[in-house]
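Report on the following structure.
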There are 2 protein chains.
Amino acid sequence: MSKRSTSKHPSILTLERFLPYRLSILSNRISGIIAETYRDKFALSITEWRIMAVLGEYPGASADEVSAKIQIEKSIVSRALQKLLARHLVEREVDETDRRRQNLSLTKTGMEIYKQVVPVSYEYEEQLLECFSKNERETFDKLIDRLYQHAESIDPNG
Amino acid sequence: MSKRSTSKHPSILTLERFLPYRLSILSNRISGIIAETYRDKFALSITEWRIMAVLGEYPGASADEVSAKIQIEKSIVSRALQKLLARHLVEREVDETDRRRQNLSLTKTGMEIYKQVVPVSYEYEEQLLECFSKNERETFDKLIDRLYQHAESIDPNG
DNA sequence: CTATATTGGTTGCTATCACAACTATTCTAA
DNA sequence: TTAGAATAGTTGTGATAGCAACCAATATAG
């Protein structure tokens, strides 16, 4: 517990130096740029693209599995899927061994789009990482992963 | 401009290793935890808190300045402000030298809340950074800032 | 001056998100 | 078996985000 209310911190919060804020701004910026590209070039939202990305990696996944994978509410996945189905980028078939479940996969068209988006994404990532040396990339990678692991273990009411 | 379409990248995108995705997940996780605290303990949304944080740092700021500072659409700031005004956490007065402008500041109550939220925020940040050494914190700091600077310079249609 | 552009701020509209309720199917345990 | 819990997925609803249109005040240019 070891929580004390002595003033070990400043009494004013400088937003620009506050880690959660900075990560949020950074992430918004980085996602925003690529979201624009996905939208303009492929008419896909980030969520839609993430669903397709999962299906590219794991064909036959269920909506629930996709939802868990990309950490997006299943209702949101459900509605995004409706659009992808309507555009025939994704198809689904009822799993015969468990008729609650629907196995999802990219259609031929969906796969064509997928194959176009993948390199664009990698190019963008590459462009971002230009500002780091090889060493820095590895460090950044490691630190991000560690922070994520650590954050997962934090109890909001600790 | 030195863009090649030779397959220097894999043909499948592994979402979990894709930087923009990882940053987004990380940021969501980190903001999500603290959002819960703000909501439960102070009935504030992240946006509302950010507005208050700016006003704590810069009393007398205008809605436009707040909006620019926290990089949130002015319409969203406007609506969030309505709530803060209704709860008497923030007050505003028309600037007499420019009657379009309204100078915002925390009320007495708002300041009390502010003083409670600040240490909670710092504690949380501290808790997050536990997983880094002093050196790693500095490195992470530097890399984040550099990446942000760099991202700002990227042309989406480059 | 006065027409026009600019700026600070609000409002309308639509899309998206979060959460809960609901349907249908399958699993579990008496 | 069969009642109740669990699971896959959809839908309803309210809150928030993002964009554009808008109003009012001010600044600028002819």
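All residue names refer to the structure tokens as shown: chains lettered A, B, ... in order, residues numbered from 1 in each chain, ligands numbered from 1 in order.
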Restrict the calculation to only C-alpha atoms (C1' of nucleotides), then for each residue of chain B with any atom at most 9 Å from an atom of chain C give the closest atom pair and their distance in Å to one decimal, rows by chain and rising residue number, as a Markdown table.
| residue | atom | partner | partner_atom | distance |
| --- | --- | --- | --- | --- |
| B:Ser62 | CA | C:DG8 | C1' | 8.4 |
| B:Ala63 | CA | C:DG9 | C1' | 7.8 |
| B:Asp64 | CA | C:DG8 | C1' | 6.8 |
| B:Lys74 | CA | C:DG9 | C1' | 8.2 |
| B:Ser75 | CA | C:DT10 | C1' | 7.6 |
| B:Ser78 | CA | C:DT10 | C1' | 7.4 |
| B:Arg79 | CA | C:DT10 | C1' | 8.7 |
| B:Arg100 | CA | C:DG8 | C1' | 5.4 |
| B:Arg101 | CA | C:DG8 | C1' | 5.6 |
| B:Gln102 | CA | C:DG8 | C1' | 8.1 |
Using every C-alpha atom paired in order, could you least-squares fit chain B onto chain A and give me the moved chain as an mmCIF file with C-alpha atoms, in the first residue's frame?
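result39.cif, freshly written:
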data_model
loop_
_atom_site.group_PDB
_atom_site.id
_atom_site.type_symbol
_atom_site.label_atom_id
_atom_site.label_comp_id
_atom_site.auth_asym_id
_atom_site.auth_seq_id
_atom_site.Cartn_x
_atom_site.Cartn_y
_atom_site.Cartn_z
ATOM 1 C CA MET B 1 0.632 -0.093 0.725
ATOM 2 C CA SER B 2 3.391 2.472 0.817
ATOM 3 C CA LYS B 3 1.301 5.310 -0.556
ATOM 4 C CA ARG B 4 2.113 8.713 0.847
ATOM 5 C CA SER B 5 0.408 12.013 0.375
ATOM 6 C CA THR B 6 3.434 14.115 1.143
ATOM 7 C CA SER B 7 4.129 16.506 -1.691
ATOM 8 C CA LYS B 8 6.674 14.526 -3.562
ATOM 9 C CA HIS B 9 5.078 15.820 -6.750
ATOM 10 C CA PRO B 10 4.488 19.313 -8.123
ATOM 11 C CA SER B 11 1.102 20.856 -7.355
ATOM 12 C CA ILE B 12 0.500 21.624 -11.017
ATOM 13 C CA LEU B 13 0.263 19.013 -13.709
ATOM 14 C CA THR B 14 2.120 19.775 -16.907
ATOM 15 C CA LEU B 15 0.060 17.937 -19.447
ATOM 16 C CA GLU B 16 2.787 17.895 -22.089
ATOM 17 C CA ARG B 17 5.073 15.966 -19.804
ATOM 18 C CA PHE B 18 2.471 13.565 -18.485
ATOM 19 C CA LEU B 19 3.131 10.111 -19.865
ATOM 20 C CA PRO B 20 -0.446 8.905 -20.464
ATOM 21 C CA TYR B 21 -1.212 12.140 -22.261
ATOM 22 C CA ARG B 22 1.903 11.985 -24.386
ATOM 23 C CA LEU B 23 1.251 8.410 -25.394
ATOM 24 C CA SER B 24 -2.289 9.283 -26.298
ATOM 25 C CA ILE B 25 -1.245 12.233 -28.447
ATOM 26 C CA LEU B 26 1.490 10.209 -30.074
ATOM 27 C CA SER B 27 -0.792 7.308 -30.824
ATOM 28 C CA ASN B 28 -3.531 9.562 -32.174
ATOM 29 C CA ARG B 29 -1.096 11.272 -34.437
ATOM 30 C CA ILE B 30 0.376 8.034 -35.727
ATOM 31 C CA SER B 31 -2.952 6.288 -36.169
ATOM 32 C CA GLY B 32 -4.481 9.419 -37.643
ATOM 33 C CA ILE B 33 -1.973 9.620 -40.460
ATOM 34 C CA ILE B 34 -2.394 6.039 -41.499
ATOM 35 C CA ALA B 35 -6.156 6.163 -40.999
ATOM 36 C CA GLU B 36 -6.242 8.859 -43.628
ATOM 37 C CA THR B 37 -4.368 6.659 -46.054
ATOM 38 C CA TYR B 38 -6.589 3.657 -45.410
ATOM 39 C CA ARG B 39 -9.645 5.801 -45.867
ATOM 40 C CA ASP B 40 -8.521 7.604 -49.008
ATOM 41 C CA LYS B 41 -6.920 4.702 -50.790
ATOM 42 C CA PHE B 42 -9.038 1.773 -49.641
ATOM 43 C CA ALA B 43 -12.154 3.226 -48.018
ATOM 44 C CA LEU B 44 -11.381 1.322 -44.844
ATOM 45 C CA SER B 45 -11.581 2.487 -41.260
ATOM 46 C CA ILE B 46 -8.865 1.464 -38.845
ATOM 47 C CA THR B 47 -11.227 -1.008 -37.205
ATOM 48 C CA GLU B 48 -12.203 -2.521 -40.541
ATOM 49 C CA TRP B 49 -8.585 -2.829 -41.542
ATOM 50 C CA ARG B 50 -7.658 -4.470 -38.252
ATOM 51 C CA ILE B 51 -10.363 -7.045 -38.738
ATOM 52 C CA MET B 52 -9.046 -7.799 -42.196
ATOM 53 C CA ALA B 53 -5.513 -7.963 -40.862
ATOM 54 C CA VAL B 54 -6.522 -10.594 -38.326
ATOM 55 C CA LEU B 55 -8.323 -12.590 -40.991
ATOM 56 C CA GLY B 56 -5.258 -12.403 -43.186
ATOM 57 C CA GLU B 57 -3.245 -13.876 -40.361
ATOM 58 C CA TYR B 58 -5.883 -16.272 -39.067
ATOM 59 C CA PRO B 59 -8.375 -17.288 -41.733
ATOM 60 C CA GLY B 60 -11.426 -18.941 -40.224
ATOM 61 C CA ALA B 61 -11.335 -16.929 -37.025
ATOM 62 C CA SER B 62 -14.671 -16.151 -35.392
ATOM 63 C CA ALA B 63 -15.959 -12.654 -34.658
ATOM 64 C CA ASP B 64 -15.270 -13.298 -31.013
ATOM 65 C CA GLU B 65 -11.696 -14.276 -31.669
ATOM 66 C CA VAL B 66 -11.185 -11.210 -33.833
ATOM 67 C CA SER B 67 -12.684 -9.061 -31.129
ATOM 68 C CA ALA B 68 -10.339 -10.497 -28.504
ATOM 69 C CA LYS B 69 -7.346 -10.195 -30.794
ATOM 70 C CA ILE B 70 -7.784 -6.546 -31.653
ATOM 71 C CA GLN B 71 -9.237 -5.659 -28.265
ATOM 72 C CA ILE B 72 -12.337 -4.079 -29.656
ATOM 73 C CA GLU B 73 -15.823 -4.598 -28.279
ATOM 74 C CA LYS B 74 -17.640 -7.387 -30.028
ATOM 75 C CA SER B 75 -20.576 -5.123 -30.852
ATOM 76 C CA ILE B 76 -18.255 -2.818 -32.731
ATOM 77 C CA VAL B 77 -16.665 -5.731 -34.521
ATOM 78 C CA SER B 78 -20.109 -7.034 -35.374
ATOM 79 C CA ARG B 79 -21.129 -3.768 -37.009
ATOM 80 C CA ALA B 80 -17.836 -3.310 -38.808
ATOM 81 C CA LEU B 81 -18.184 -6.848 -40.097
ATOM 82 C CA GLN B 82 -21.579 -6.025 -41.526
ATOM 83 C CA LYS B 83 -19.942 -3.437 -43.732
ATOM 84 C CA LEU B 84 -17.140 -5.737 -44.796
ATOM 85 C CA LEU B 85 -19.651 -8.459 -45.601
ATOM 86 C CA ALA B 86 -21.784 -6.020 -47.568
ATOM 87 C CA ARG B 87 -18.735 -5.004 -49.585
ATOM 88 C CA HIS B 88 -17.827 -8.656 -50.109
ATOM 89 C CA LEU B 89 -14.377 -8.210 -48.634
ATOM 90 C CA VAL B 90 -15.111 -10.792 -45.961
ATOM 91 C CA GLU B 91 -17.282 -13.874 -46.026
ATOM 92 C CA ARG B 92 -18.531 -16.162 -43.316
ATOM 93 C CA GLU B 93 -19.991 -19.583 -42.954
ATOM 94 C CA VAL B 94 -21.678 -21.202 -40.041
ATOM 95 C CA ASP B 95 -19.422 -23.681 -38.306
ATOM 96 C CA GLU B 96 -21.133 -27.026 -38.670
ATOM 97 C CA THR B 97 -19.703 -28.437 -35.458
ATOM 98 C CA ASP B 98 -20.955 -25.427 -33.478
ATOM 99 C CA ARG B 99 -23.728 -23.563 -35.184
ATOM 100 C CA ARG B 100 -23.403 -20.494 -32.969
ATOM 101 C CA ARG B 101 -20.044 -19.839 -34.463
ATOM 102 C CA GLN B 102 -19.320 -18.302 -37.854
ATOM 103 C CA ASN B 103 -15.972 -18.788 -39.488
ATOM 104 C CA LEU B 104 -14.737 -15.651 -41.155
ATOM 105 C CA SER B 105 -12.326 -15.258 -43.999
ATOM 106 C CA LEU B 106 -11.267 -12.784 -46.643
ATOM 107 C CA THR B 107 -12.942 -13.146 -50.006
ATOM 108 C CA LYS B 108 -10.892 -13.080 -53.174
ATOM 109 C CA THR B 109 -11.504 -9.346 -53.445
ATOM 110 C CA GLY B 110 -10.760 -8.934 -49.768
ATOM 111 C CA MET B 111 -7.488 -10.732 -50.230
ATOM 112 C CA GLU B 112 -6.571 -8.458 -53.118
ATOM 113 C CA ILE B 113 -7.175 -5.401 -50.999
ATOM 114 C CA TYR B 114 -5.299 -7.010 -48.147
ATOM 115 C CA LYS B 115 -2.277 -7.560 -50.353
ATOM 116 C CA GLN B 116 -2.321 -3.921 -51.292
ATOM 117 C CA VAL B 117 -2.684 -2.630 -47.772
ATOM 118 C CA VAL B 118 0.042 -4.733 -46.198
ATOM 119 C CA PRO B 119 2.999 -3.128 -47.999
ATOM 120 C CA VAL B 120 1.554 0.334 -47.502
ATOM 121 C CA SER B 121 1.415 -0.383 -43.791
ATOM 122 C CA TYR B 122 4.947 -1.665 -43.647
ATOM 123 C CA GLU B 123 6.206 1.294 -45.625
ATOM 124 C CA TYR B 124 4.556 3.607 -43.181
ATOM 125 C CA GLU B 125 6.021 1.817 -40.207
ATOM 126 C CA GLU B 126 9.414 1.967 -41.862
ATOM 127 C CA GLN B 127 9.005 5.670 -42.442
ATOM 128 C CA LEU B 128 8.130 6.180 -38.805
ATOM 129 C CA LEU B 129 11.099 4.234 -37.572
ATOM 130 C CA GLU B 130 13.501 6.178 -39.738
ATOM 131 C CA CYS B 131 14.089 8.474 -36.825
ATOM 132 C CA PHE B 132 15.556 5.630 -34.759
ATOM 133 C CA SER B 133 18.786 3.751 -35.117
ATOM 134 C CA LYS B 134 18.699 -0.012 -35.204
ATOM 135 C CA ASN B 135 19.622 -0.057 -31.561
ATOM 136 C CA GLU B 136 17.015 2.482 -30.614
ATOM 137 C CA ARG B 137 14.350 0.506 -32.408
ATOM 138 C CA GLU B 138 15.140 -2.539 -30.369
ATOM 139 C CA THR B 139 15.182 -0.551 -27.173
ATOM 140 C CA PHE B 140 11.911 1.160 -27.990
ATOM 141 C CA ASP B 141 10.357 -2.155 -28.846
ATOM 142 C CA LYS B 142 11.450 -3.670 -25.579
ATOM 143 C CA LEU B 143 10.336 -0.713 -23.484
ATOM 144 C CA ILE B 144 6.926 -0.548 -25.106
ATOM 145 C CA ASP B 145 6.336 -4.218 -24.538
ATOM 146 C CA ARG B 146 7.490 -4.017 -20.961
ATOM 147 C CA LEU B 147 5.314 -1.008 -20.246
ATOM 148 C CA TYR B 148 2.333 -2.743 -21.767
ATOM 149 C CA GLN B 149 2.898 -5.855 -19.702
ATOM 150 C CA HIS B 150 3.300 -3.749 -16.625
ATOM 151 C CA ALA B 151 0.216 -1.646 -17.311
ATOM 152 C CA GLU B 152 -1.843 -4.790 -17.636
ATOM 153 C CA SER B 153 -0.928 -5.708 -14.099
ATOM 154 C CA ILE B 154 -1.989 -2.404 -12.595
ATOM 155 C CA ASP B 155 -5.125 -2.374 -10.515
ATOM 156 C CA PRO B 156 -6.999 0.871 -11.171
ATOM 157 C CA ASN B 157 -7.875 1.091 -7.497
ATOM 158 C CA GLY B 158 -4.430 0.254 -6.257
#
Next on the checklist: Show me, as a ChimeraX atom specification, the residues of chain D whose atoms get within 9 Å of chain A, using only C-alpha atoms (C1' of nucleotides) for the distance check.
Outcome noted: /D:7-11
For the residues in that selection, give me N, CA and C atoms (P, O5', C5', C4', C3', O3' and C1' of nucleotides) as a compact mmCIF listing (two decimals), in the first residue's frame.
# COMPACT_ATOMS: atom_id res chain seq x y z
P DT D 7 -18.07 -19.23 -20.97
O5' DT D 7 -18.63 -19.17 -22.47
C5' DT D 7 -18.68 -20.37 -23.22
C4' DT D 7 -19.24 -20.04 -24.59
C3' DT D 7 -18.63 -18.79 -25.23
O3' DT D 7 -18.20 -19.16 -26.53
C1' DT D 7 -20.98 -18.71 -25.31
P DA D 8 -17.50 -18.13 -27.48
O5' DA D 8 -18.65 -17.83 -28.53
C5' DA D 8 -18.99 -18.80 -29.50
C4' DA D 8 -19.85 -18.17 -30.57
C3' DA D 8 -19.29 -16.86 -31.14
O3' DA D 8 -19.46 -16.87 -32.55
C1' DA D 8 -21.43 -16.47 -30.19
P DG D 9 -18.88 -15.67 -33.42
O5' DG D 9 -20.13 -14.71 -33.47
C5' DG D 9 -21.33 -15.17 -34.12
C4' DG D 9 -22.46 -14.21 -33.82
C3' DG D 9 -22.23 -12.76 -34.24
O3' DG D 9 -23.02 -12.52 -35.39
C1' DG D 9 -23.35 -12.95 -32.15
P DT D 10 -23.16 -11.04 -36.01
O5' DT D 10 -24.44 -10.47 -35.26
C5' DT D 10 -25.65 -11.21 -35.33
C4' DT D 10 -26.79 -10.41 -34.73
C3' DT D 10 -26.92 -8.98 -35.26
O3' DT D 10 -28.29 -8.80 -35.57
C1' DT D 10 -26.81 -8.97 -32.89
P DT D 11 -28.83 -7.45 -36.21
O5' DT D 11 -29.33 -6.63 -34.94
C5' DT D 11 -30.31 -7.21 -34.10
C4' DT D 11 -30.64 -6.26 -32.98
C3' DT D 11 -30.79 -4.79 -33.39
O3' DT D 11 -31.94 -4.28 -32.72
C1' DT D 11 -29.28 -4.96 -31.62
Checklist entry - So which residues of range 15-126 of chain B fall under strand (DSSP E) by DSSP, listed as a list in words? => result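 Going through range 15-126 of chain B, the strand (DSSP E) residues come out as Val90, Glu91, Arg92, Glu93, Val94, Gln102, Asn103, Leu104, Ser105 and Leu106 of chain B.
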